[in-house]
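Everything below belongs to my_file_37.cif, which stores mmCIF, C-alpha atoms and all ligand atoms.
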```
data_target
#
loop_
_atom_site.label_atom_id
_atom_site.label_comp_id
_atom_site.auth_asym_id
_atom_site.auth_seq_id
_atom_site.Cartn_x
_atom_site.Cartn_y
_atom_site.Cartn_z
CA MET A 283 0.00 0.00 0.00
CA SER A 284 1.25 3.45 -0.80
CA PRO A 285 2.24 5.30 2.37
CA HIS A 286 0.42 8.34 1.06
CA ALA A 287 -2.76 7.05 -0.49
CA THR A 288 -4.98 5.10 1.91
CA ASP A 289 -2.80 4.28 4.90
CA PRO A 290 -4.39 5.94 7.95
CA ASP A 291 -0.91 6.26 9.47
CA ALA A 292 0.37 7.97 6.35
CA SER A 293 1.61 10.99 8.28
CA THR A 294 3.98 8.84 10.30
CA SER A 295 4.94 6.30 7.66
CA HIS A 296 7.23 8.43 5.51
CA THR A 297 10.36 6.95 7.02
CA ASP A 298 10.28 3.87 4.76
CA TYR A 299 10.65 6.10 1.79
CA PRO A 300 12.15 6.29 -0.83
CA SER A 301 12.28 2.53 -1.05
CA TYR A 302 11.76 1.37 -4.61
CA THR A 303 15.40 0.95 -5.63
CA SER A 304 17.15 3.37 -3.37
CA PRO A 305 20.74 2.59 -2.49
CA ILE A 306 20.24 4.74 0.62
CA SER A 307 18.39 1.98 2.45
CA GLN A 308 21.20 -0.52 1.79
CA ARG A 309 24.26 1.64 1.94
CA LEU A 310 27.68 0.80 3.27
CA PRO A 311 27.38 -2.76 4.54
CA THR A 312 30.80 -3.37 6.11
CA GLN A 313 30.87 -7.11 5.50
CA GLY A 314 28.96 -10.01 4.02
CA PRO A 315 27.62 -10.58 0.52
CA GLY A 316 26.24 -7.05 0.21
CA HIS A 317 29.61 -5.51 0.94
CA SER A 318 30.78 -3.07 -1.68
CA PRO A 319 33.79 -0.79 -1.65
CA HIS A 320 31.65 1.95 -3.20
CA ARG A 321 31.12 5.03 -1.12
CA PHE A 322 28.09 7.31 -1.35
CA ARG A 323 26.03 4.82 -3.27
CA GLU A 324 23.03 7.14 -3.19
CA PHE A 325 24.71 8.92 -6.10
CA GLU A 326 24.75 5.80 -8.30
CA LEU A 327 22.54 5.77 -11.35
CA ASN A 328 23.16 2.22 -12.59
CA GLY A 329 20.51 1.14 -15.07
CA ARG A 330 18.48 4.33 -14.81
CA VAL A 331 17.30 6.07 -17.95
CA PHE A 332 17.68 9.81 -18.55
CA VAL A 333 16.79 12.33 -21.22
CA VAL A 334 18.86 15.51 -21.54
CA THR A 335 17.77 18.20 -23.99
CA GLY A 336 20.41 20.44 -25.57
CA GLY A 337 23.20 18.07 -24.55
CA ALA A 338 25.33 18.25 -27.71
CA GLN A 339 27.63 20.94 -26.31
CA GLY A 340 28.21 23.35 -23.45
CA LEU A 341 26.57 22.77 -20.10
CA GLY A 342 24.32 19.96 -21.38
CA LEU A 343 27.35 17.97 -22.53
CA ALA A 344 28.90 18.20 -19.06
CA PHE A 345 25.61 16.89 -17.66
CA VAL A 346 25.42 13.87 -19.96
CA GLU A 347 29.03 12.95 -19.15
CA ALA A 348 28.32 13.05 -15.43
CA LEU A 349 25.19 10.89 -15.75
CA VAL A 350 26.95 8.27 -17.88
CA GLU A 351 29.90 8.16 -15.50
CA ALA A 352 27.46 7.40 -12.68
CA GLY A 353 26.12 4.44 -14.70
CA GLY A 354 23.12 6.04 -16.40
CA ILE A 355 21.61 5.19 -19.79
CA VAL A 356 21.52 8.67 -21.25
CA TYR A 357 19.72 10.05 -24.29
CA CYS A 358 20.74 13.45 -25.60
CA LEU A 359 18.07 15.29 -27.59
CA ASP A 360 19.42 18.24 -29.55
CA ARG A 361 18.47 20.12 -32.69
CA GLN A 362 21.95 19.81 -34.19
CA LYS A 363 22.02 17.32 -37.04
CA GLU A 364 25.17 15.62 -35.84
CA PRO A 365 26.56 15.59 -32.34
CA THR A 366 29.60 17.83 -31.93
CA ALA A 367 33.07 16.28 -32.05
CA SER A 368 33.42 16.55 -28.28
CA PHE A 369 30.09 14.76 -27.84
CA SER A 370 31.31 11.86 -30.02
CA GLU A 371 34.56 11.70 -28.08
CA THR A 372 32.59 11.57 -24.83
CA GLN A 373 30.33 8.87 -26.25
CA GLY A 374 33.24 6.53 -26.94
CA ARG A 375 35.19 7.27 -23.79
CA VAL A 376 32.64 7.28 -21.00
CA ALA A 377 30.56 4.39 -22.23
CA ALA A 378 33.55 2.07 -22.27
CA GLU A 379 34.96 3.25 -18.95
CA PHE A 380 31.90 3.54 -16.76
CA GLY A 381 29.28 1.11 -17.98
CA GLY A 382 26.65 3.71 -18.75
CA THR A 383 25.61 4.40 -22.33
CA LEU A 384 25.12 7.58 -24.33
CA HIS A 385 22.75 7.98 -27.28
CA TYR A 386 21.89 10.84 -29.62
CA ARG A 387 18.56 11.83 -31.16
CA GLN A 388 18.15 14.87 -33.38
CA VAL A 389 15.10 16.69 -32.04
CA ASP A 390 14.13 20.33 -32.02
CA VAL A 391 12.31 20.59 -28.72
CA GLN A 392 9.94 23.13 -30.25
CA ASP A 393 8.51 20.26 -32.30
CA ALA A 394 6.20 19.02 -29.56
CA LYS A 395 4.89 16.05 -31.54
CA LEU A 396 8.33 14.68 -32.39
CA LEU A 397 9.55 15.39 -28.87
CA ASP A 398 6.66 13.39 -27.38
CA GLU A 399 7.28 10.50 -29.77
CA VAL A 400 10.99 10.34 -29.03
CA ILE A 401 10.58 10.50 -25.24
CA ALA A 402 7.79 7.90 -25.38
CA SER A 403 9.91 5.55 -27.52
CA ILE A 404 12.87 5.82 -25.13
CA ALA A 405 10.64 5.02 -22.16
CA GLU A 406 9.02 2.15 -24.03
CA GLU A 407 12.36 0.61 -24.98
CA HIS A 408 13.47 0.47 -21.34
CA SER A 409 10.04 0.27 -19.69
CA ARG A 410 11.07 3.21 -17.54
CA LEU A 411 12.17 6.81 -17.47
CA ASP A 412 14.02 7.96 -14.38
CA GLY A 413 15.02 11.52 -15.07
CA LEU A 414 14.99 14.44 -17.42
CA ILE A 415 17.05 17.62 -17.74
CA ALA A 416 15.31 20.47 -19.57
CA ASN A 417 18.49 22.22 -20.63
CA ALA A 418 18.02 23.31 -24.26
CA GLY A 419 17.93 27.06 -24.37
CA ILE A 420 18.72 30.09 -26.44
CA GLN A 421 19.65 33.59 -25.50
CA TYR A 422 18.39 36.73 -27.18
CA THR A 423 20.06 40.03 -26.40
CA LYS A 424 18.78 43.46 -27.40
CA PRO A 425 18.24 46.74 -25.57
CA ALA A 426 14.55 47.01 -24.76
CA LEU A 427 14.45 50.51 -26.26
CA GLU A 428 15.94 49.46 -29.57
CA TYR A 429 13.62 46.85 -30.91
CA PRO A 430 13.37 47.60 -34.64
CA ALA A 431 10.18 49.39 -35.58
CA ASP A 432 9.39 47.58 -38.82
CA GLU A 433 7.84 44.47 -37.48
CA VAL A 434 4.20 45.36 -37.09
CA SER A 435 3.11 42.25 -38.98
CA ARG A 436 4.28 40.30 -36.00
CA VAL A 437 1.27 41.60 -34.12
CA ARG A 438 -0.64 38.78 -35.69
CA ILE A 439 1.45 36.28 -33.84
CA ILE A 440 0.69 38.04 -30.60
CA LYS A 441 -3.02 38.24 -31.36
CA THR A 442 -3.10 34.61 -32.30
CA MET A 443 -1.57 33.75 -28.99
CA GLU A 444 -4.21 35.88 -27.27
CA PHE A 445 -1.75 37.04 -24.71
CA GLU A 446 -2.66 39.85 -22.41
CA ILE A 447 0.27 41.60 -24.01
CA ALA A 448 -2.48 43.07 -26.17
CA LEU A 449 -3.19 45.41 -23.29
CA ILE A 450 0.04 47.26 -23.81
CA LEU A 451 -1.17 48.19 -27.31
CA LEU A 452 -3.34 50.80 -25.65
CA SER A 453 -0.40 53.20 -25.56
CA ASP A 454 -1.10 56.43 -27.51
CA ASP A 455 2.44 57.01 -28.61
CA GLU A 456 3.08 55.30 -31.96
CA ARG A 457 6.76 54.67 -31.39
CA GLN A 458 6.08 53.35 -27.96
CA LEU A 459 3.33 51.22 -29.45
CA GLN A 460 5.69 49.61 -31.95
CA ARG A 461 8.32 49.06 -29.32
CA CYS A 462 5.75 47.36 -27.16
CA LEU A 463 4.69 45.15 -30.03
CA LEU A 464 8.24 44.03 -30.58
CA LEU A 465 8.98 43.55 -26.95
CA GLY A 466 5.80 41.50 -26.89
CA ARG A 467 7.03 39.48 -29.82
CA GLU A 468 10.25 38.69 -28.04
CA LEU A 469 8.25 37.81 -25.01
CA TYR A 470 6.30 35.49 -27.27
CA VAL A 471 9.54 33.89 -28.46
CA HIS A 472 10.71 33.35 -24.93
CA LEU A 473 7.35 32.14 -23.76
CA THR A 474 7.67 29.63 -26.57
CA VAL A 475 11.00 28.58 -25.09
CA PHE A 476 9.32 28.41 -21.72
CA THR A 477 6.56 26.31 -23.27
CA MET A 478 9.26 24.03 -24.71
CA VAL A 479 10.49 23.43 -21.19
CA SER A 480 6.95 22.59 -20.11
CA ALA A 481 6.39 20.32 -23.11
CA ASN A 482 9.35 18.08 -22.50
CA VAL A 483 8.92 17.79 -18.76
CA ILE A 484 5.22 17.05 -19.15
CA GLU A 485 5.87 14.24 -21.62
CA GLY A 486 8.59 12.97 -19.30
CA ALA A 487 6.17 12.94 -16.37
CA LYS A 488 3.57 11.05 -18.41
CA GLN A 489 6.10 8.32 -19.15
CA MET A 490 7.25 8.13 -15.51
CA ILE A 491 3.64 7.66 -14.45
CA LYS A 492 2.95 5.14 -17.24
CA TYR A 493 5.94 2.97 -16.32
CA LYS A 494 5.56 3.57 -12.57
CA THR A 495 9.04 5.05 -12.20
CA PRO A 496 9.19 7.70 -9.50
CA GLY A 497 11.76 9.91 -11.10
CA ASN A 498 12.95 13.42 -11.06
CA MET A 499 13.50 16.40 -13.27
CA VAL A 500 15.90 19.28 -13.37
CA LEU A 501 14.92 22.43 -15.19
CA ILE A 502 17.85 24.62 -16.14
CA GLY A 503 17.09 28.11 -14.95
CA SER A 504 19.75 30.70 -14.31
CA MET A 505 20.84 33.18 -11.68
CA SER A 506 19.38 35.55 -14.30
CA GLY A 507 15.97 34.45 -13.06
CA PHE A 508 16.80 36.32 -9.85
CA ASN A 509 18.86 39.28 -11.00
CA ALA A 510 19.84 41.44 -13.94
CA ASN A 511 23.06 39.97 -15.28
CA LYS A 512 25.44 42.96 -15.46
CA GLY A 513 26.00 44.32 -18.95
CA LEU A 514 23.78 41.77 -20.71
CA LEU A 515 20.74 43.39 -22.30
CA SER A 516 18.39 40.45 -22.11
CA SER A 517 15.29 41.49 -20.22
CA VAL A 518 13.11 38.88 -21.83
CA TYR A 519 15.60 35.99 -21.45
CA ASN A 520 15.80 36.83 -17.75
CA ALA A 521 12.03 36.97 -17.46
CA SER A 522 11.75 33.54 -19.08
CA LYS A 523 14.26 32.12 -16.56
CA ALA A 524 12.22 33.56 -13.69
CA ALA A 525 9.21 31.78 -15.20
CA VAL A 526 11.13 28.49 -15.30
CA ILE A 527 11.92 28.84 -11.58
CA GLN A 528 8.23 29.30 -10.82
CA LEU A 529 7.25 26.44 -13.14
CA GLY A 530 9.48 24.17 -11.07
CA ARG A 531 7.62 25.06 -7.90
CA ASN A 532 4.22 24.38 -9.40
CA LEU A 533 5.12 21.12 -11.11
CA SER A 534 6.71 19.88 -7.89
CA MET A 535 3.43 20.41 -6.09
CA GLU A 536 1.35 18.78 -8.82
CA TRP A 537 3.55 15.71 -9.14
CA ALA A 538 4.67 15.20 -5.52
CA ARG A 539 2.61 11.98 -5.30
CA ALA A 540 1.99 11.30 -8.96
CA VAL A 541 3.41 7.77 -9.23
CA ASP A 542 1.18 5.64 -7.02
CA GLY A 543 1.74 8.04 -4.16
CA LYS A 544 5.45 8.48 -4.85
CA PRO A 545 6.91 11.63 -6.30
CA ILE A 546 8.28 12.97 -9.45
CA ARG A 547 10.63 15.49 -7.91
CA VAL A 548 11.26 18.73 -9.77
CA ASN A 549 14.11 21.12 -9.03
CA VAL A 550 15.68 24.05 -10.84
CA LEU A 551 19.42 24.49 -11.25
CA CYS A 552 20.38 28.16 -11.51
CA PRO A 553 23.95 28.60 -12.75
CA GLY A 554 25.93 31.80 -12.86
CA ASN A 555 28.19 32.73 -15.78
CA ILE A 556 29.71 29.72 -17.55
CA ILE A 557 32.13 29.53 -20.45
CA THR A 558 30.10 27.76 -23.14
CA PRO A 559 29.60 28.42 -26.87
CA MET A 560 26.62 30.62 -25.90
CA VAL A 561 28.77 32.85 -23.71
CA GLU A 562 31.74 32.83 -26.10
CA ASN A 563 29.31 34.37 -28.56
CA ASP A 564 28.41 37.05 -26.00
CA PHE A 565 32.12 37.84 -25.61
CA LYS A 566 32.51 38.11 -29.38
CA ASN A 567 29.75 40.71 -29.44
CA ASP A 568 31.06 42.58 -26.41
CA PRO A 569 34.62 41.69 -25.26
CA SER A 570 34.27 43.88 -22.14
CA LEU A 571 31.66 41.49 -20.74
CA ARG A 572 34.28 38.98 -19.61
CA LYS A 573 35.87 41.40 -17.14
CA THR A 574 32.47 42.70 -16.04
CA TRP A 575 31.33 39.19 -15.15
CA GLU A 576 34.63 38.15 -13.56
CA ASP A 577 34.36 41.15 -11.26
CA ALA A 578 30.68 40.58 -10.56
CA ASN A 579 31.03 37.49 -8.38
CA MET A 580 32.94 36.87 -5.17
CA LEU A 581 35.28 34.28 -6.70
CA GLY A 582 36.47 36.67 -9.41
CA ARG A 583 36.15 34.32 -12.37
CA ILE A 584 33.72 32.72 -14.77
CA SER A 585 32.80 29.07 -14.18
CA GLU A 586 33.28 26.04 -16.41
CA PRO A 587 30.61 23.47 -17.32
CA LYS A 588 32.38 20.73 -15.34
CA GLU A 589 31.75 22.69 -12.13
CA TYR A 590 28.06 21.71 -12.34
CA ARG A 591 28.62 17.94 -12.59
CA GLY A 592 28.31 17.34 -8.85
CA ALA A 593 25.16 19.43 -8.65
CA ILE A 594 23.38 17.61 -11.45
CA LEU A 595 24.30 14.22 -10.01
CA PHE A 596 23.02 15.31 -6.62
CA LEU A 597 19.74 16.58 -8.07
CA LEU A 598 19.08 13.54 -10.26
CA SER A 599 20.01 10.84 -7.78
CA ASP A 600 18.67 9.57 -4.47
CA ALA A 601 21.18 11.83 -2.75
CA SER A 602 18.58 14.60 -2.99
CA SER A 603 15.58 12.43 -2.07
CA PHE A 604 13.98 15.05 0.20
CA MET A 605 14.47 17.92 -2.22
CA THR A 606 11.73 19.13 -4.50
CA ALA A 607 10.54 22.59 -5.59
CA GLY A 608 14.05 23.84 -4.90
CA SER A 609 16.20 26.32 -6.77
CA LEU A 610 19.89 25.51 -6.47
CA VAL A 611 21.89 28.66 -7.19
CA ILE A 612 25.56 28.14 -8.08
CA ASP A 613 26.95 31.50 -9.08
CA GLY A 614 30.21 32.19 -7.22
CA GLY A 615 28.29 34.50 -4.93
CA TYR A 616 27.06 36.80 -7.72
CA THR A 617 23.47 37.14 -6.52
CA ALA A 618 24.43 37.54 -2.86
CA TRP A 619 26.07 40.93 -3.42
N1 LIG A 701 26.30 29.69 -20.28
C1 LIG A 701 25.84 30.34 -19.23
O1 LIG A 701 26.49 31.26 -18.67
C2 LIG A 701 24.50 29.96 -18.63
C3 LIG A 701 24.18 30.49 -17.38
C4 LIG A 701 22.97 30.14 -16.81
C5 LIG A 701 22.10 29.30 -17.48
N2 LIG A 701 22.44 28.80 -18.71
C6 LIG A 701 21.48 27.91 -19.36
O2 LIG A 701 22.08 26.66 -19.57
C7 LIG A 701 21.49 26.04 -20.72
C8 LIG A 701 22.58 25.60 -21.68
O3 LIG A 701 23.28 26.76 -22.10
P1 LIG A 701 24.72 26.73 -22.79
O4 LIG A 701 25.44 27.92 -22.28
O5 LIG A 701 25.34 25.38 -22.66
O6 LIG A 701 24.26 27.03 -24.28
P2 LIG A 701 24.83 26.51 -25.67
O7 LIG A 701 24.25 27.41 -26.70
O8 LIG A 701 26.31 26.37 -25.63
O9 LIG A 701 24.17 25.06 -25.81
C9 LIG A 701 22.78 24.93 -25.94
C10 LIG A 701 22.45 23.61 -26.62
O10 LIG A 701 21.03 23.58 -26.74
C11 LIG A 701 20.70 23.20 -28.07
N3 LIG A 701 19.40 23.76 -28.42
C12 LIG A 701 19.05 25.07 -28.48
N4 LIG A 701 17.78 25.20 -28.87
C13 LIG A 701 17.30 23.94 -29.06
C14 LIG A 701 16.07 23.41 -29.49
N5 LIG A 701 15.05 24.21 -29.84
N6 LIG A 701 15.93 22.08 -29.57
C15 LIG A 701 16.95 21.26 -29.25
N7 LIG A 701 18.16 21.70 -28.86
C16 LIG A 701 18.34 23.02 -28.78
C17 LIG A 701 21.82 23.75 -28.93
O11 LIG A 701 21.92 23.06 -30.18
C18 LIG A 701 23.03 23.50 -28.04
O12 LIG A 701 23.59 22.21 -28.22
C19 LIG A 701 20.51 27.05 -21.28
O13 LIG A 701 19.20 26.77 -20.81
C20 LIG A 701 21.01 28.36 -20.72
O14 LIG A 701 20.00 29.34 -20.66
C21 LIG A 701 23.62 29.12 -19.28
#
```
Mind turning this structure into structure tokens?
Ligand SMILES: NC(=O)c1ccc[n+]([C@@H]2O[C@H](COP(=O)([O-])OP(=O)(O)OC[C@H]3O[C@@H](n4cnc5c(N)ncnc54)[C@H](O)[C@@H]3O)[C@@H](O)[C@H]2O)c1
Amino acid sequence: MSPHATDPDASTSHTDYPSYTSPISQRLPTQGPGHSPHRFREFELNGRVFVVTGGAQGLGLAFVEALVEAGGIVYCLDRQKEPTASFSETQGRVAAEFGGTLHYRQVDVQDAKLLDEVIASIAEEHSRLDGLIANAGIQYTKPALEYPADEVSRVRIIKTMEFEIALILLSDDERQLQRCLLLGRELYVHLTVFTMVSANVIEGAKQMIKYKTPGNMVLIGSMSGFNANKGLLSSVYNASKAAVIQLGRNLSMEWARAVDGKPIRVNVLCPGNIITPMVENDFKNDPSLRKTWEDANMLGRISEPKEYRGAILFLLSDASSFMTAGSLVIDGGYTAW
């Protein structure tokens, strides 16, 4: 019987949980047949199945490496036709060394139908889905006051979406009106990105429920969901990251007992500045940004993707079994100043 569903002592019976395959309940036997030299077995992911979107490069690639090294069966979904050279190198190296496996599927996560099919087929093949990282993301930078004024046709998109953005069209000033339209359009783009995050986690949750796998999800937010990243003119990107943080809270609540009384946990990882192809592009556009960002956090430098490996393993394994609806900020102290 589920400890949460019909057990009258449900409020006091949480201590047997999580129990389905958790290494926590069997950890560190010092002798006998169960003895294993492994330490911290709650971080092991042996035989568990994961989907990582946007994992062909950058931060996502560091995530897939970490999951495979911990024994996971990992599927990277990315819109790039071919995986990058470093992805292929990772594929050969980590699979042989650590026992996990790494697979690639070309998917644009904006294609909701294809995304659903691919996630469903992965879950069907293994009769389970244990975790998902919603990492795919794009960044759009532009000063809010400089949206080009020749894009009125885009209003249609906004109208079609029936967003309340329409309210801002009430401005009398024509220039202001056009600016609002374009800001609205960018908001539309980023809400689409936000919707992409929802789409893949929702399909993931459906599969976890179908195959009765209490699993967990990590949405990739950003410290930019909490602050204005110095020097980066990206009001709408930041707003979309704030929305992702809130989405995590709500989904956590909805799915806290979704798998026969057991949870699908949802947490949001909020990194600070990281050297990835996305940020290298920012530096190309504005070389002064590097120094600005190095000076903006307490550690005086920009982070590397590998510095998030431990965090992702923590969030996706039983090591974080009592954590849901959380936002883990790793930013060198940037947002604390
Ligand atoms: N780099 C940073 O400083 C930083 C900081 C905080 C948060 N983030 C977030 O981390 C995530 C990864 O960023 P990154 O810096 O590694 O970026 P990146 O551009 O280097 O990599 C993003 C990956 O996502 C893929 N992708 C983009 N749109 C996609 C789509 N529609 N469908 C499928 N794949 C798609 C790209 O092909 C690419 O492989 C993003 O969500 C980003 O917002 C980055």
> Within 9 Å of ligand LIG 701 (chain A), counting all atoms listed in the file: which residues, as a VMD selection string?
Replying inline: chain A and resid 335 to 344 359 to 363 365 to 366 388 to 393 416 to 421 475 478 501 to 506 519 523 551 to 563 584 to 587 613
Write a file of the selected residues as a compact mmCIF listing (two decimals), in the coordinates of the input, keeping C-alpha atoms.
```
# COMPACT_ATOMS: atom_id res chain seq x y z
CA THR A 335 17.77 18.20 -23.99
CA GLY A 336 20.41 20.44 -25.57
CA GLY A 337 23.20 18.07 -24.55
CA ALA A 338 25.33 18.25 -27.71
CA GLN A 339 27.63 20.94 -26.31
CA GLY A 340 28.21 23.35 -23.45
CA LEU A 341 26.57 22.77 -20.10
CA GLY A 342 24.32 19.96 -21.38
CA LEU A 343 27.35 17.97 -22.53
CA ALA A 344 28.90 18.20 -19.06
CA LEU A 359 18.07 15.29 -27.59
CA ASP A 360 19.42 18.24 -29.55
CA ARG A 361 18.47 20.12 -32.69
CA GLN A 362 21.95 19.81 -34.19
CA LYS A 363 22.02 17.32 -37.04
CA PRO A 365 26.56 15.59 -32.34
CA THR A 366 29.60 17.83 -31.93
CA GLN A 388 18.15 14.87 -33.38
CA VAL A 389 15.10 16.69 -32.04
CA ASP A 390 14.13 20.33 -32.02
CA VAL A 391 12.31 20.59 -28.72
CA GLN A 392 9.94 23.13 -30.25
CA ASP A 393 8.51 20.26 -32.30
CA ALA A 416 15.31 20.47 -19.57
CA ASN A 417 18.49 22.22 -20.63
CA ALA A 418 18.02 23.31 -24.26
CA GLY A 419 17.93 27.06 -24.37
CA ILE A 420 18.72 30.09 -26.44
CA GLN A 421 19.65 33.59 -25.50
CA VAL A 475 11.00 28.58 -25.09
CA MET A 478 9.26 24.03 -24.71
CA LEU A 501 14.92 22.43 -15.19
CA ILE A 502 17.85 24.62 -16.14
CA GLY A 503 17.09 28.11 -14.95
CA SER A 504 19.75 30.70 -14.31
CA MET A 505 20.84 33.18 -11.68
CA SER A 506 19.38 35.55 -14.30
CA TYR A 519 15.60 35.99 -21.45
CA LYS A 523 14.26 32.12 -16.56
CA LEU A 551 19.42 24.49 -11.25
CA CYS A 552 20.38 28.16 -11.51
CA PRO A 553 23.95 28.60 -12.75
CA GLY A 554 25.93 31.80 -12.86
CA ASN A 555 28.19 32.73 -15.78
CA ILE A 556 29.71 29.72 -17.55
CA ILE A 557 32.13 29.53 -20.45
CA THR A 558 30.10 27.76 -23.14
CA PRO A 559 29.60 28.42 -26.87
CA MET A 560 26.62 30.62 -25.90
CA VAL A 561 28.77 32.85 -23.71
CA GLU A 562 31.74 32.83 -26.10
CA ASN A 563 29.31 34.37 -28.56
CA ILE A 584 33.72 32.72 -14.77
CA SER A 585 32.80 29.07 -14.18
CA GLU A 586 33.28 26.04 -16.41
CA PRO A 587 30.61 23.47 -17.32
CA ASP A 613 26.95 31.50 -9.08
```
>> Taking 3 positions as the minimum chain separation for residues in the same chain, which residues sit within 7 Å of A:Gly530 when counting all atoms listed in the file? Answer as a VMD selection string.
In response: chain A and resid 526 to 527 533 to 534 548 to 550 607
> When you draw a straight line from atom CA of A:Ala377 to atom CA of A:Asn498, how long is it in Å?
Replying inline: 22.7 Å
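Atom CA of A:Val518 is found 21.7 Å from atom CA of A:Ser570.
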>> Within 6 Å of (4.9, 10.5, -12.4) (file coordinates; only C-alpha atoms), which protein or nucleic acid residues are there? I'd like them as a list in words.
In response: Ala487, Met490, Ile491, Pro496, Ala540, Val541 and Ile546 of chain A
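Take atom CA of A:Tyr493 and atom CA of A:Phe380: the distance between them is 26.0 Å.
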> For A:Ala578, which residue out of A:Gly486, A:Gly354, A:Gly374, A:Gly513 is the nearest one, using all atoms listed in the file?
Replying inline: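 Using all atoms listed in the file, the shortest distance to A:Ala578 belongs to A:Gly513.
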